[in-house]
Each structure stands twice: as C-alpha cells, then as structure tokens.
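Novice: Coordinates in data11.pdb, PDB, C-alpha atoms, are listed below.
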```pdb
ATOM      1  CA  MET Q 163     -96.876  71.004 -76.371
ATOM      2  CA  LYS Q 164     -99.291  69.668 -78.905
ATOM      3  CA  GLY Q 165     -96.707  68.228 -81.355
ATOM      4  CA  LEU Q 166     -96.343  64.622 -82.340
ATOM      5  CA  PRO Q 167     -98.344  62.217 -80.182
ATOM      6  CA  GLU Q 168     -95.341  59.938 -79.630
ATOM      7  CA  GLU Q 169     -93.134  62.786 -78.389
ATOM      8  CA  ARG Q 170     -95.961  64.151 -76.266
ATOM      9  CA  ALA Q 171     -96.544  60.719 -74.720
ATOM     10  CA  VAL Q 172     -92.899  60.369 -73.674
ATOM     11  CA  ALA Q 173     -92.721  63.947 -72.366
ATOM     12  CA  ALA Q 174     -95.953  63.545 -70.367
ATOM     13  CA  ALA Q 175     -94.772  60.232 -68.928
ATOM     14  CA  GLU Q 176     -91.438  61.697 -67.865
ATOM     15  CA  TYR Q 177     -93.233  64.661 -66.263
ATOM     16  CA  ILE Q 178     -95.607  62.366 -64.359
ATOM     17  CA  ILE Q 179     -92.767  60.179 -63.111
ATOM     18  CA  GLU Q 180     -90.432  63.032 -62.106
ATOM     19  CA  ASN Q 181     -93.132  65.011 -60.303
ATOM     20  CA  LYS Q 182     -95.347  62.118 -59.202
ATOM     21  CA  ALA Q 183     -98.025  64.173 -60.920
ATOM     22  CA  THR Q 184    -101.617  63.340 -61.702
ATOM     23  CA  VAL Q 185    -103.023  63.113 -65.216
ATOM     24  CA  ARG Q 186    -104.831  66.391 -64.520
ATOM     25  CA  ALA Q 187    -101.572  68.142 -63.560
ATOM     26  CA  ALA Q 188     -99.795  66.793 -66.653
ATOM     27  CA  ALA Q 189    -102.659  67.938 -68.870
ATOM     28  CA  LYS Q 190    -102.430  71.433 -67.437
ATOM     29  CA  GLN Q 191     -98.638  71.463 -67.853
ATOM     30  CA  PHE Q 192     -98.789  70.456 -71.534
ATOM     31  CA  GLY Q 193    -101.939  72.364 -72.492
ATOM     32  CA  VAL Q 194    -103.938  69.320 -73.560
ATOM     33  CA  SER Q 195    -106.978  67.540 -72.174
ATOM     34  CA  LYS Q 196    -106.926  64.863 -69.477
ATOM     35  CA  SER Q 197    -108.242  62.410 -72.053
ATOM     36  CA  THR Q 198    -105.292  63.132 -74.335
ATOM     37  CA  VAL Q 199    -102.736  62.621 -71.573
ATOM     38  CA  HIS Q 200    -104.442  59.431 -70.455
ATOM     39  CA  LYS Q 201    -104.501  58.044 -73.991
ATOM     40  CA  ASP Q 202    -100.865  59.061 -74.515
ATOM     41  CA  VAL Q 203     -99.540  57.381 -71.377
ATOM     42  CA  SER Q 204    -101.804  54.334 -71.353
ATOM     43  CA  GLU Q 205    -102.067  53.360 -75.027
ATOM     44  CA  ARG Q 206     -99.396  55.067 -77.099
ATOM     45  CA  LEU Q 207     -96.624  54.776 -74.528
ATOM     46  CA  ALA Q 208     -97.082  51.013 -74.154
ATOM     47  CA  LYS Q 209     -96.154  50.623 -77.831
ATOM     48  CA  ILE Q 210     -93.355  53.202 -77.818
ATOM     49  CA  SER Q 211     -91.524  52.440 -74.569
ATOM     50  CA  PRO Q 212     -92.714  49.506 -72.440
ATOM     51  CA  GLY Q 213     -90.235  50.296 -69.634
ATOM     52  CA  LEU Q 214     -91.365  53.897 -69.329
ATOM     53  CA  TYR Q 215     -94.969  52.690 -69.538
ATOM     54  CA  ARG Q 216     -94.452  50.422 -66.505
ATOM     55  CA  ASP Q 217     -92.923  53.281 -64.523
ATOM     56  CA  VAL Q 218     -95.700  55.737 -65.295
ATOM     57  CA  LYS Q 219     -98.340  53.082 -64.664
ATOM     58  CA  SER Q 220     -97.047  52.573 -61.122
ATOM     59  CA  VAL Q 221     -97.289  56.330 -60.426
ATOM     60  CA  LEU Q 222    -100.823  56.464 -61.846
ATOM     61  CA  GLU Q 223    -101.888  53.447 -59.784
ATOM     62  CA  ARG Q 224    -100.568  55.143 -56.648
ATOM     63  CA  ASN Q 225    -102.473  58.320 -57.564
ATOM     64  CA  LYS Q 226    -105.609  56.270 -58.052
ATOM     65  CA  LEU Q 227    -105.275  54.749 -54.588
ATOM     66  CA  GLU Q 228    -104.737  58.179 -53.017
ATOM     67  CA  ARG Q 229    -107.392  60.184 -54.863
ATOM     68  CA  HIS Q 230    -109.990  59.809 -52.126
ATOM     69  CA  LEU Q 231    -107.519  61.422 -49.724
ATOM     70  CA  ARG Q 232    -106.938  64.403 -52.022
ATOM     71  CA  GLY Q 233    -110.683  64.812 -52.503
ATOM     72  CA  GLY Q 234    -111.300  64.713 -48.778
ATOM     73  CA  GLU Q 235    -108.618  67.319 -48.174
ATOM     74  CA  ALA Q 236    -110.109  69.607 -50.829
ATOM     75  CA  THR Q 237    -113.545  69.319 -49.225
ATOM     76  CA  LYS Q 238    -112.075  70.039 -45.792
ATOM     77  CA  GLN Q 239    -110.377  73.190 -47.069
ATOM     78  CA  LYS Q 240    -113.563  74.317 -48.808
ATOM     79  CA  TYR Q 241    -115.592  74.175 -45.608
ATOM     80  CA  GLU Q 242    -112.825  75.784 -43.546
ATOM     81  CA  GLN Q 243    -112.900  78.737 -45.952
ATOM     82  CA  ILE Q 244    -116.683  78.971 -45.674
ATOM     83  CA  ARG Q 245    -116.436  78.914 -41.867
ATOM     84  CA  ALA Q 246    -113.747  81.602 -41.882
ATOM     85  CA  LYS Q 247    -115.929  83.934 -43.985
ATOM     86  CA  GLY Q 248    -119.103  83.413 -42.008
TER      87      GLY Q 248
END
```
Starting from the file, give its structure as structure tokens.
Specialist:
Amino acid sequence: MKGLPEERAVAAAEYIIENKATVRAAAKQFGVSKSTVHKDVSERLAKISPGLYRDVKSVLERNKLERHLRGGEATKQKYEQIRAKG
C-alpha cells in the first residue's frame, strides 16, 4: 500500500495498534521502508488524527521498552540452532 501518505499513515497506525506490531512488522505488511512507517505514524499522524497518534505512540513506546528482550531471545535462538547443528 503505497498510496496517499495520509491514508497510509492511518492504515499503518491501525495495524500497529490492533496487532501491537513493531514498525518493522508494519513496514513489511505495507511494503514500505521502516523510515516511511516511522515518519507516517510519528509526524503525519499527529497532524491528521491526534487521538490515533496517542494510541500508536503508546504501543511504540512499549515496543521500545521491550526491544532488548526480543533481541536477547533472537540471539538465544541463534546459538541454540548452532549448537543443534554442531
């Protein structure tokens, strides 16, 4: 979905809120870059829909606080796969 930036911003925000998704997941879903999604939901959305902006911001803040946990889990799985092969 590469259409109008305003429509894309609202659609990305709704996707992030409904799925508690990361910016990376939303970018993959809509076929755009992480930078585009971030700009859509942090700059454009604030002007279009302040209420939706607040909701998506809370999800993104939560993701930011949890990212070290996701990274640690990914590293753990990587080394478990290496151990299983070797």
Novice: What lies within 10 Å of Q:Ser197 using only C-alpha atoms, ignoring chain neighbours under 4 positions off, as a ChimeraX atom specification?
Specialist: /Q:185-186,189,201-202
Novice: As a check of understanding, name the residues that the PyMOL selection byres ((chain Q and resi 194) around 12) selects in the supplied structure, as a list in words.
Specialist: Met163, Lys164, Gly165, Pro167, Arg170, Ala171, Ala174, Val185, Arg186, Ala187, Ala188, Ala189, Lys190, Gln191, Phe192, Gly193, Ser195, Lys196, Ser197, Thr198, Val199, His200, Lys201 and Asp202 of chain Q
Novice: For the structure provided, state which residues fall under the PyMOL selection byres ((chain Q and resi 175) around 8), and present them as a list in words.
Specialist: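 For this structure, the PyMOL selection byres ((chain Q and resi 175) around 8) resolves to Ala171, Val172, Ala173, Ala174, Glu176, Tyr177, Ile178, Ile179, Val203, Leu214, Tyr215 and Val218 of chain Q.
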Novice: Quick check, in Å to one decimal: how far apart do atom CA of Q:Arg224 and atom CA of Q:Lys238 lie?
Specialist: 21.7 Å
Novice: Find the residue from Q:Arg245, Q:Ser204, Q:Glu168, Q:Leu231 that sits nearest to Q:Lys219; use all atoms listed in the file when measuring.
Specialist: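 Closest residue, counting all atoms listed in the file: Q:Ser204.
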Novice: Any idea what the distance is between atom CA of Q:Val221 and atom CA of Q:Thr184?
Specialist: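 Result for atom CA of Q:Val221 versus atom CA of Q:Thr184: 8.3 Å, one decimal.
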Novice: What is the distance, in Å and to one decimal place, between atom CA of Q:Lys209 and atom CA of Q:Lys182?
Specialist: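 These two atoms are separated by 21.9 Å.
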